[in-house]
Protein chains: 2
Amino acid sequence: MKISEIGEAGLLKLIFPYCLPGTVGDDAAVLAFAGENLVVTTDVLVDRVHFSDQTTAAQDVGWRSAAANLSDLAAMGALPLGITVGLGLPPDTPVQWVEDLYRGLNACLERYDTGIVGGDIYRSTVRTVAITAFGKVESGAVIRRNAAVPGAAIVVTGEHGKSKAGLELLLDVNLGQELDLIDRQELIRAHQRPLPRLDVVPMITMLQPEFVAGMDSSDGLLDAISQICRASGVGARINRSAIAIPAGLTKLTENPIAFGASGAIDWVLGGGEDFELVLCLPVSTAYALVELIGGTAAIIGTTTANPEILLVDDQTEILLTSHSQFQHY
Amino acid sequence: MKISEIGEAGLLKLIFPYCLPGTVGDDAAVLAFAGENLVVTTDVLVDRVHFSDQTTAAQDVGWRSAAANLSDLAAMGALPLGITVGLGLPPDTPVQWVEDLYRGLNACLERYDTGIVGGDIYRSTVRTVAITAFGKVESGAVIRRNAAVPGAAIVVTGEHGKSKAGLELLLDVNLGQELDLIDRQELIRAHQRPLPRLDVVPMITMLQPEFVAGMDSSDGLLDAISQICRASGVGARINRSAIAIPAGLTKLTENPIAFGASGAIDWVLGGGEDFELVLCLPVSTAYALVELIGGTAAIIGTTTANPEILLVDDQTEILLTSHSQFQHY
């Protein structure tokens, strides 16, 4: 049997028994180390699977690779110590591409006061960027997916759907004629230079919430809500009007020929790669956190004992099936 | 310009300025963490570059991947905390191959009381196994390449050349007709199931040598000696008669048609992937260490102020140029 026949979920189920108990199921693994917690996460990007020359210059591949891994640390409540870079290259790779990749990696890492501490370069038939990031989190401050209880406020740290919109603009130059230059650049930048929310970590530490569950929204907002709900054994009521629709995204998806009736909300819920955090906390702490974060952070709903995930507006309740948003195989 | 034109050395030189100061140049990076040292190493194996179905079953790919990374930890004087596995797979990969890979990984890891703590599975055009290993070493017990001084004893923890011999036997079924079954199996096993020398780490800690420099012999015995000498600014006199030639290897290379005049010593010095340790310590501690390790551990020479590396026997001195043993591009 081929792995394409069992899918990603089947593969993960197969691999799970081979991992040390208690280490998998979150954005990163947590290891006890010298009385503190070492947080470790690995993420790999492959040419023509996760990026392409059309949409992503080497500097952006670097930035995005670093950002994805730093976001996994933020999702665990950890601050970064460093990353290693395993770089697979075909012999005909331009030297400039490699240098630009490292420029992009470091541009992102320096913004978050961290850097590259080692790695491996190897020959491969396809350009591959394998990053492992390490971080540190105090005991008691680890954020896990399975810690939500019914009645918690669901917080998002920023807007969703912009990265997807930016990608679509890059893939189709005819798209978005109705956008002004600033809107267009903002959406493309959201895709090429996402900002992991490490800034939120010390805020959570400061507020000392009674409990906090969460993860990042790398596979989409709805996916994050679903994963947290499933791991915690709860459901969610999401208030549709509380979900910010980025201005550029509204304009872009007003074209009914390209986007049909559902429009922007589909990309907001399912787009992915915005690298915001989705957090479940006690309501009072959630208000304080949203205030601290500012910008477009918002409480978008509450967790429920009923395990369904519902999108609610004035008139209707829509049941959102908690399917996986992205099948890698 | 293509990377094939600047070679691996050129690539490393290009990447070096993008790494945090003091973190590269050894088998692994050392990061201060909560008053202790976190050791981190990354190693990637790619199908048809580092392994092939002909020589390496999936379980052996798993074992060798784990062993290579654990060996890098041992080379730093660290004991393992865990590994992450980034696994790139084409959709037509057999499920059995994946399961066997994890079996092999865990068989090796369990032998050294450690395990898999996380990872990433992703679609790729080529099977790729990217491993990052984490370990712990006390301050003052870190083994680095650059700590050798003239007059140190050079210790090897075991025999060299067997892994290379095993690989050649697997590549050419007509080879080694003069070997009995036990010799043949021992050489093949050395290639498929190498044993990283984590057992030596607590011995060094116990002996508290005044200084210790070293690395593992993954790229060959001579490469290890050269790298340590270059990093430390010393040379070496290697006593040819002190270097063990594995029995099976002698028999295998007695065939002058296949091996020419130089024979076994070439594979012993340049073969690679035996994953022993090469250590430079004060002479008295070196004797104690060799005694503790037992088996085929030996003092094979001494470091010198003269930066040349010489292979010495009763009659002659041969200058071994300290070139890199293996160009990845």
# chains A, B, ... in the order shown; residues from 1 in each chain; ligands from 1
call {"tool": "select_by_dssp", "arguments": {"residues": "region 110-246 of chain A", "states": "strand (DSSP E)", "output": "PyMOL selection string"}}
result
chain A and resi 116-123+128-137+153-156+213-216+235-239
call {"tool": "write_last_selection", "arguments": {"atoms": "C-alpha atoms", "output": "PDB file, in the first residue's frame"}}
result
ATOM      1  CA  ILE A 116      21.062  30.291  13.289  1.00  0.00           C
ATOM      2  CA  VAL A 117      23.164  28.025  15.510  1.00  0.00           C
ATOM      3  CA  GLY A 118      24.027  25.187  13.142  1.00  0.00           C
ATOM      4  CA  GLY A 119      22.823  22.921  10.392  1.00  0.00           C
ATOM      5  CA  ASP A 120      23.654  20.609   7.560  1.00  0.00           C
ATOM      6  CA  ILE A 121      24.037  21.197   3.823  1.00  0.00           C
ATOM      7  CA  TYR A 122      23.464  18.209   1.614  1.00  0.00           C
ATOM      8  CA  ARG A 123      22.975  17.306  -2.007  1.00  0.00           C
ATOM      9  CA  THR A 128      14.570  21.589   0.738  1.00  0.00           C
ATOM     10  CA  VAL A 129      14.710  23.799   3.819  1.00  0.00           C
ATOM     11  CA  ALA A 130      14.409  21.793   7.053  1.00  0.00           C
ATOM     12  CA  ILE A 131      14.350  23.970  10.149  1.00  0.00           C
ATOM     13  CA  THR A 132      14.343  22.981  13.788  1.00  0.00           C
ATOM     14  CA  ALA A 133      13.696  25.744  16.305  1.00  0.00           C
ATOM     15  CA  PHE A 134      14.367  25.643  20.062  1.00  0.00           C
ATOM     16  CA  GLY A 135      12.756  27.747  22.695  1.00  0.00           C
ATOM     17  CA  LYS A 136      12.322  28.065  26.408  1.00  0.00           C
ATOM     18  CA  VAL A 137       9.174  28.299  28.462  1.00  0.00           C
ATOM     19  CA  ALA A 153     -13.277  33.026  25.434  1.00  0.00           C
ATOM     20  CA  ILE A 154     -11.692  32.328  22.031  1.00  0.00           C
ATOM     21  CA  VAL A 155      -9.140  35.008  21.166  1.00  0.00           C
ATOM     22  CA  VAL A 156      -7.458  35.624  17.814  1.00  0.00           C
ATOM     23  CA  ALA A 213      -5.194  26.523  25.499  1.00  0.00           C
ATOM     24  CA  GLY A 214      -4.041  27.385  22.028  1.00  0.00           C
ATOM     25  CA  MET A 215      -2.074  26.911  18.856  1.00  0.00           C
ATOM     26  CA  ASP A 216      -1.106  28.944  15.835  1.00  0.00           C
ATOM     27  CA  GLY A 235     -17.057  22.700  20.945  1.00  0.00           C
ATOM     28  CA  ALA A 236     -17.264  26.359  19.956  1.00  0.00           C
ATOM     29  CA  ARG A 237     -19.755  29.096  19.067  1.00  0.00           C
ATOM     30  CA  ILE A 238     -18.018  31.515  16.746  1.00  0.00           C
ATOM     31  CA  ASN A 239     -19.604  34.943  16.367  1.00  0.00           C
TER      32      ASN A 239
END
call {"tool": "residues_around", "arguments": {"residues": "region 174-180 of chain A", "least_positions_apart": "3", "cutoff": "10 Å", "atoms": "only C-alpha atoms", "output": "count of residues only"}}
result
18
call {"tool": "interface_residues", "arguments": {"of": "chain B", "to": "chain A", "cutoff": "6 Å", "atoms": "only C-alpha atoms", "output": "PyMOL selection string"}}
result
chain B and resi 1-4+19-20+23-24+29+42-43+91-95+115-120
call {"tool": "select_by_dssp", "arguments": {"residues": "region 70-120 of chain B", "states": "alpha helix (DSSP H)", "output": "ChimeraX atom specification"}}
result
/B:70-75,95-111
call {"tool": "residues_around", "arguments": {"residues": "Ala224 (chain B)", "least_positions_apart": "6", "cutoff": "12 Å", "atoms": "only C-alpha atoms", "output": "MDAnalysis selection string"}}
result
chainID B and resid 26:27 75 144:146 154:156 160 213:218 230:231 236 269:280 309 322:326
call {"tool": "write_last_selection", "arguments": {"atoms": "C-alpha atoms", "output": "PDB file, in the first residue's frame"}}
result
ATOM      1  CA  ASP B  26      31.983  21.477  15.781  1.00  0.00           C
ATOM      2  CA  ASP B  27      29.830  18.364  15.337  1.00  0.00           C
ATOM      3  CA  ALA B  75      31.458  13.828  19.842  1.00  0.00           C
ATOM      4  CA  ARG B 144      35.480  20.720  20.972  1.00  0.00           C
ATOM      5  CA  ARG B 145      37.773  20.285  17.983  1.00  0.00           C
ATOM      6  CA  ASN B 146      39.969  23.248  18.807  1.00  0.00           C
ATOM      7  CA  ILE B 154      45.423  10.667  20.014  1.00  0.00           C
ATOM      8  CA  VAL B 155      42.882   8.034  21.001  1.00  0.00           C
ATOM      9  CA  VAL B 156      40.506   6.134  18.735  1.00  0.00           C
ATOM     10  CA  HIS B 160      37.950   1.941  11.227  1.00  0.00           C
ATOM     11  CA  ALA B 213      39.640  17.774  21.993  1.00  0.00           C
ATOM     12  CA  GLY B 214      37.775  15.558  19.596  1.00  0.00           C
ATOM     13  CA  MET B 215      35.097  14.735  17.085  1.00  0.00           C
ATOM     14  CA  ASP B 216      33.548  11.646  15.562  1.00  0.00           C
ATOM     15  CA  SER B 217      34.992   9.821  12.560  1.00  0.00           C
ATOM     16  CA  SER B 218      31.853  10.011  10.414  1.00  0.00           C
ATOM     17  CA  ARG B 230      43.436  22.347  11.782  1.00  0.00           C
ATOM     18  CA  ALA B 231      41.030  23.696  14.425  1.00  0.00           C
ATOM     19  CA  ALA B 236      50.086  14.809  14.319  1.00  0.00           C
ATOM     20  CA  LEU B 269      42.107   6.082   7.044  1.00  0.00           C
ATOM     21  CA  GLY B 270      39.543   7.302   4.531  1.00  0.00           C
ATOM     22  CA  GLY B 271      36.534   5.008   4.634  1.00  0.00           C
ATOM     23  CA  GLY B 272      34.180   6.983   6.837  1.00  0.00           C
ATOM     24  CA  GLU B 273      30.908   6.259   8.647  1.00  0.00           C
ATOM     25  CA  ASP B 274      32.431   4.117  11.396  1.00  0.00           C
ATOM     26  CA  PHE B 275      31.139   6.651  13.945  1.00  0.00           C
ATOM     27  CA  GLU B 276      33.983   6.112  16.401  1.00  0.00           C
ATOM     28  CA  LEU B 277      35.423   9.008  18.399  1.00  0.00           C
ATOM     29  CA  VAL B 278      38.861  10.526  17.825  1.00  0.00           C
ATOM     30  CA  LEU B 279      40.055  12.238  20.999  1.00  0.00           C
ATOM     31  CA  CYS B 280      43.171  14.169  22.029  1.00  0.00           C
ATOM     32  CA  ILE B 309      50.155  15.092   9.699  1.00  0.00           C
ATOM     33  CA  SER B 322      45.114  17.116   5.210  1.00  0.00           C
ATOM     34  CA  HIS B 323      42.617  17.380   2.376  1.00  0.00           C
ATOM     35  CA  SER B 324      38.908  16.917   2.919  1.00  0.00           C
ATOM     36  CA  GLN B 325      37.984  13.251   2.424  1.00  0.00           C
ATOM     37  CA  PHE B 326      34.576  13.795   0.947  1.00  0.00           C
TER      38      PHE B 326
END
call {"tool": "decode", "arguments": {"residues": "region 154-253 of chain A", "atoms": "C-alpha atoms", "output": "PDB file, in the first residue's frame"}}
result
ATOM      1  CA  ILE A 154     -11.692  32.328  22.031  1.00  0.00           C
ATOM      2  CA  VAL A 155      -9.140  35.008  21.166  1.00  0.00           C
ATOM      3  CA  VAL A 156      -7.458  35.624  17.814  1.00  0.00           C
ATOM      4  CA  THR A 157      -4.358  37.807  17.853  1.00  0.00           C
ATOM      5  CA  GLY A 158      -4.979  39.370  14.424  1.00  0.00           C
ATOM      6  CA  GLU A 159      -6.642  39.113  11.021  1.00  0.00           C
ATOM      7  CA  HIS A 160      -6.933  35.996   8.874  1.00  0.00           C
ATOM      8  CA  GLY A 161      -7.179  35.356   5.146  1.00  0.00           C
ATOM      9  CA  LYS A 162      -4.563  37.894   4.060  1.00  0.00           C
ATOM     10  CA  SER A 163      -1.808  35.379   3.391  1.00  0.00           C
ATOM     11  CA  LYS A 164      -4.124  33.312   1.166  1.00  0.00           C
ATOM     12  CA  ALA A 165      -5.216  36.456  -0.681  1.00  0.00           C
ATOM     13  CA  GLY A 166      -1.579  37.476  -1.167  1.00  0.00           C
ATOM     14  CA  LEU A 167      -0.740  34.057  -2.581  1.00  0.00           C
ATOM     15  CA  GLU A 168      -3.660  34.192  -5.033  1.00  0.00           C
ATOM     16  CA  LEU A 169      -2.580  37.662  -6.193  1.00  0.00           C
ATOM     17  CA  LEU A 170       0.907  36.316  -6.867  1.00  0.00           C
ATOM     18  CA  LEU A 171      -0.423  33.276  -8.728  1.00  0.00           C
ATOM     19  CA  ASP A 172      -2.800  35.236 -10.986  1.00  0.00           C
ATOM     20  CA  VAL A 173      -1.689  38.677 -12.164  1.00  0.00           C
ATOM     21  CA  ASN A 174      -5.171  39.382 -13.561  1.00  0.00           C
ATOM     22  CA  LEU A 175      -6.668  39.140 -10.118  1.00  0.00           C
ATOM     23  CA  GLY A 176      -7.429  42.152  -7.924  1.00  0.00           C
ATOM     24  CA  GLN A 177      -7.744  44.919 -10.542  1.00  0.00           C
ATOM     25  CA  GLU A 178     -10.148  46.592  -8.087  1.00  0.00           C
ATOM     26  CA  LEU A 179      -7.453  46.858  -5.386  1.00  0.00           C
ATOM     27  CA  ASP A 180      -5.362  49.962  -4.851  1.00  0.00           C
ATOM     28  CA  LEU A 181      -1.605  49.536  -4.584  1.00  0.00           C
ATOM     29  CA  ILE A 182      -1.500  49.720  -0.779  1.00  0.00           C
ATOM     30  CA  ASP A 183      -4.149  47.021  -0.299  1.00  0.00           C
ATOM     31  CA  ARG A 184      -2.397  44.805  -2.840  1.00  0.00           C
ATOM     32  CA  GLN A 185       1.006  45.227  -1.215  1.00  0.00           C
ATOM     33  CA  GLU A 186      -0.399  44.583   2.251  1.00  0.00           C
ATOM     34  CA  LEU A 187      -1.916  41.255   1.166  1.00  0.00           C
ATOM     35  CA  ILE A 188       1.215  40.138  -0.693  1.00  0.00           C
ATOM     36  CA  ARG A 189       3.388  41.134   2.244  1.00  0.00           C
ATOM     37  CA  ALA A 190       1.166  39.096   4.582  1.00  0.00           C
ATOM     38  CA  HIS A 191       2.017  36.077   2.442  1.00  0.00           C
ATOM     39  CA  GLN A 192       5.714  36.749   1.920  1.00  0.00           C
ATOM     40  CA  ARG A 193       6.672  38.206   5.303  1.00  0.00           C
ATOM     41  CA  PRO A 194       4.313  36.839   7.954  1.00  0.00           C
ATOM     42  CA  LEU A 195       4.997  37.947  11.534  1.00  0.00           C
ATOM     43  CA  PRO A 196       4.918  35.195  14.169  1.00  0.00           C
ATOM     44  CA  ARG A 197       3.227  36.424  17.348  1.00  0.00           C
ATOM     45  CA  LEU A 198       6.098  36.051  19.788  1.00  0.00           C
ATOM     46  CA  ASP A 199       5.129  39.523  21.050  1.00  0.00           C
ATOM     47  CA  VAL A 200       2.023  37.969  22.632  1.00  0.00           C
ATOM     48  CA  VAL A 201       3.982  35.447  24.752  1.00  0.00           C
ATOM     49  CA  PRO A 202       5.163  37.852  27.505  1.00  0.00           C
ATOM     50  CA  MET A 203       1.657  39.351  27.673  1.00  0.00           C
ATOM     51  CA  ILE A 204       0.174  35.946  28.495  1.00  0.00           C
ATOM     52  CA  THR A 205       2.926  35.321  31.044  1.00  0.00           C
ATOM     53  CA  MET A 206       2.148  38.670  32.670  1.00  0.00           C
ATOM     54  CA  LEU A 207      -1.600  38.031  32.881  1.00  0.00           C
ATOM     55  CA  GLN A 208      -1.102  34.573  34.439  1.00  0.00           C
ATOM     56  CA  PRO A 209      -4.432  33.209  33.170  1.00  0.00           C
ATOM     57  CA  GLU A 210      -6.076  30.460  35.223  1.00  0.00           C
ATOM     58  CA  PHE A 211      -5.799  28.274  32.096  1.00  0.00           C
ATOM     59  CA  VAL A 212      -4.813  28.830  28.477  1.00  0.00           C
ATOM     60  CA  ALA A 213      -5.194  26.523  25.499  1.00  0.00           C
ATOM     61  CA  GLY A 214      -4.041  27.385  22.028  1.00  0.00           C
ATOM     62  CA  MET A 215      -2.074  26.911  18.856  1.00  0.00           C
ATOM     63  CA  ASP A 216      -1.106  28.944  15.835  1.00  0.00           C
ATOM     64  CA  SER A 217      -3.301  29.346  12.770  1.00  0.00           C
ATOM     65  CA  SER A 218      -0.729  28.094  10.252  1.00  0.00           C
ATOM     66  CA  ASP A 219      -3.271  25.673   8.724  1.00  0.00           C
ATOM     67  CA  GLY A 220      -6.148  28.151   8.936  1.00  0.00           C
ATOM     68  CA  LEU A 221      -8.349  29.733  11.592  1.00  0.00           C
ATOM     69  CA  LEU A 222     -11.037  27.056  11.471  1.00  0.00           C
ATOM     70  CA  ASP A 223      -8.427  24.309  11.590  1.00  0.00           C
ATOM     71  CA  ALA A 224      -6.945  25.842  14.750  1.00  0.00           C
ATOM     72  CA  ILE A 225     -10.350  26.119  16.424  1.00  0.00           C
ATOM     73  CA  SER A 226     -11.148  22.531  15.408  1.00  0.00           C
ATOM     74  CA  GLN A 227      -7.853  21.145  16.671  1.00  0.00           C
ATOM     75  CA  ILE A 228      -8.147  22.880  20.033  1.00  0.00           C
ATOM     76  CA  CYS A 229     -11.779  21.752  20.418  1.00  0.00           C
ATOM     77  CA  ARG A 230     -10.963  18.165  19.478  1.00  0.00           C
ATOM     78  CA  ALA A 231      -7.927  17.978  21.791  1.00  0.00           C
ATOM     79  CA  SER A 232      -9.868  19.550  24.670  1.00  0.00           C
ATOM     80  CA  GLY A 233     -13.164  17.702  24.097  1.00  0.00           C
ATOM     81  CA  VAL A 234     -15.184  20.893  23.721  1.00  0.00           C
ATOM     82  CA  GLY A 235     -17.057  22.700  20.945  1.00  0.00           C
ATOM     83  CA  ALA A 236     -17.264  26.359  19.956  1.00  0.00           C
ATOM     84  CA  ARG A 237     -19.755  29.096  19.067  1.00  0.00           C
ATOM     85  CA  ILE A 238     -18.018  31.515  16.746  1.00  0.00           C
ATOM     86  CA  ASN A 239     -19.604  34.943  16.367  1.00  0.00           C
ATOM     87  CA  ARG A 240     -19.366  35.727  12.667  1.00  0.00           C
ATOM     88  CA  SER A 241     -19.604  39.494  13.177  1.00  0.00           C
ATOM     89  CA  ALA A 242     -16.640  39.398  15.579  1.00  0.00           C
ATOM     90  CA  ILE A 243     -14.334  38.001  12.905  1.00  0.00           C
ATOM     91  CA  ALA A 244     -12.445  40.794  11.171  1.00  0.00           C
ATOM     92  CA  ILE A 245     -12.531  40.696   7.386  1.00  0.00           C
ATOM     93  CA  PRO A 246      -9.412  42.515   6.126  1.00  0.00           C
ATOM     94  CA  ALA A 247     -10.386  45.506   3.965  1.00  0.00           C
ATOM     95  CA  GLY A 248      -8.318  44.390   0.965  1.00  0.00           C
ATOM     96  CA  LEU A 249      -9.802  40.929   1.158  1.00  0.00           C
ATOM     97  CA  THR A 250     -13.376  42.276   1.016  1.00  0.00           C
ATOM     98  CA  LYS A 251     -12.577  44.286  -2.095  1.00  0.00           C
ATOM     99  CA  LEU A 252     -10.790  41.366  -3.698  1.00  0.00           C
ATOM    100  CA  THR A 253     -13.615  38.902  -3.139  1.00  0.00           C
TER     101      THR A 253
END
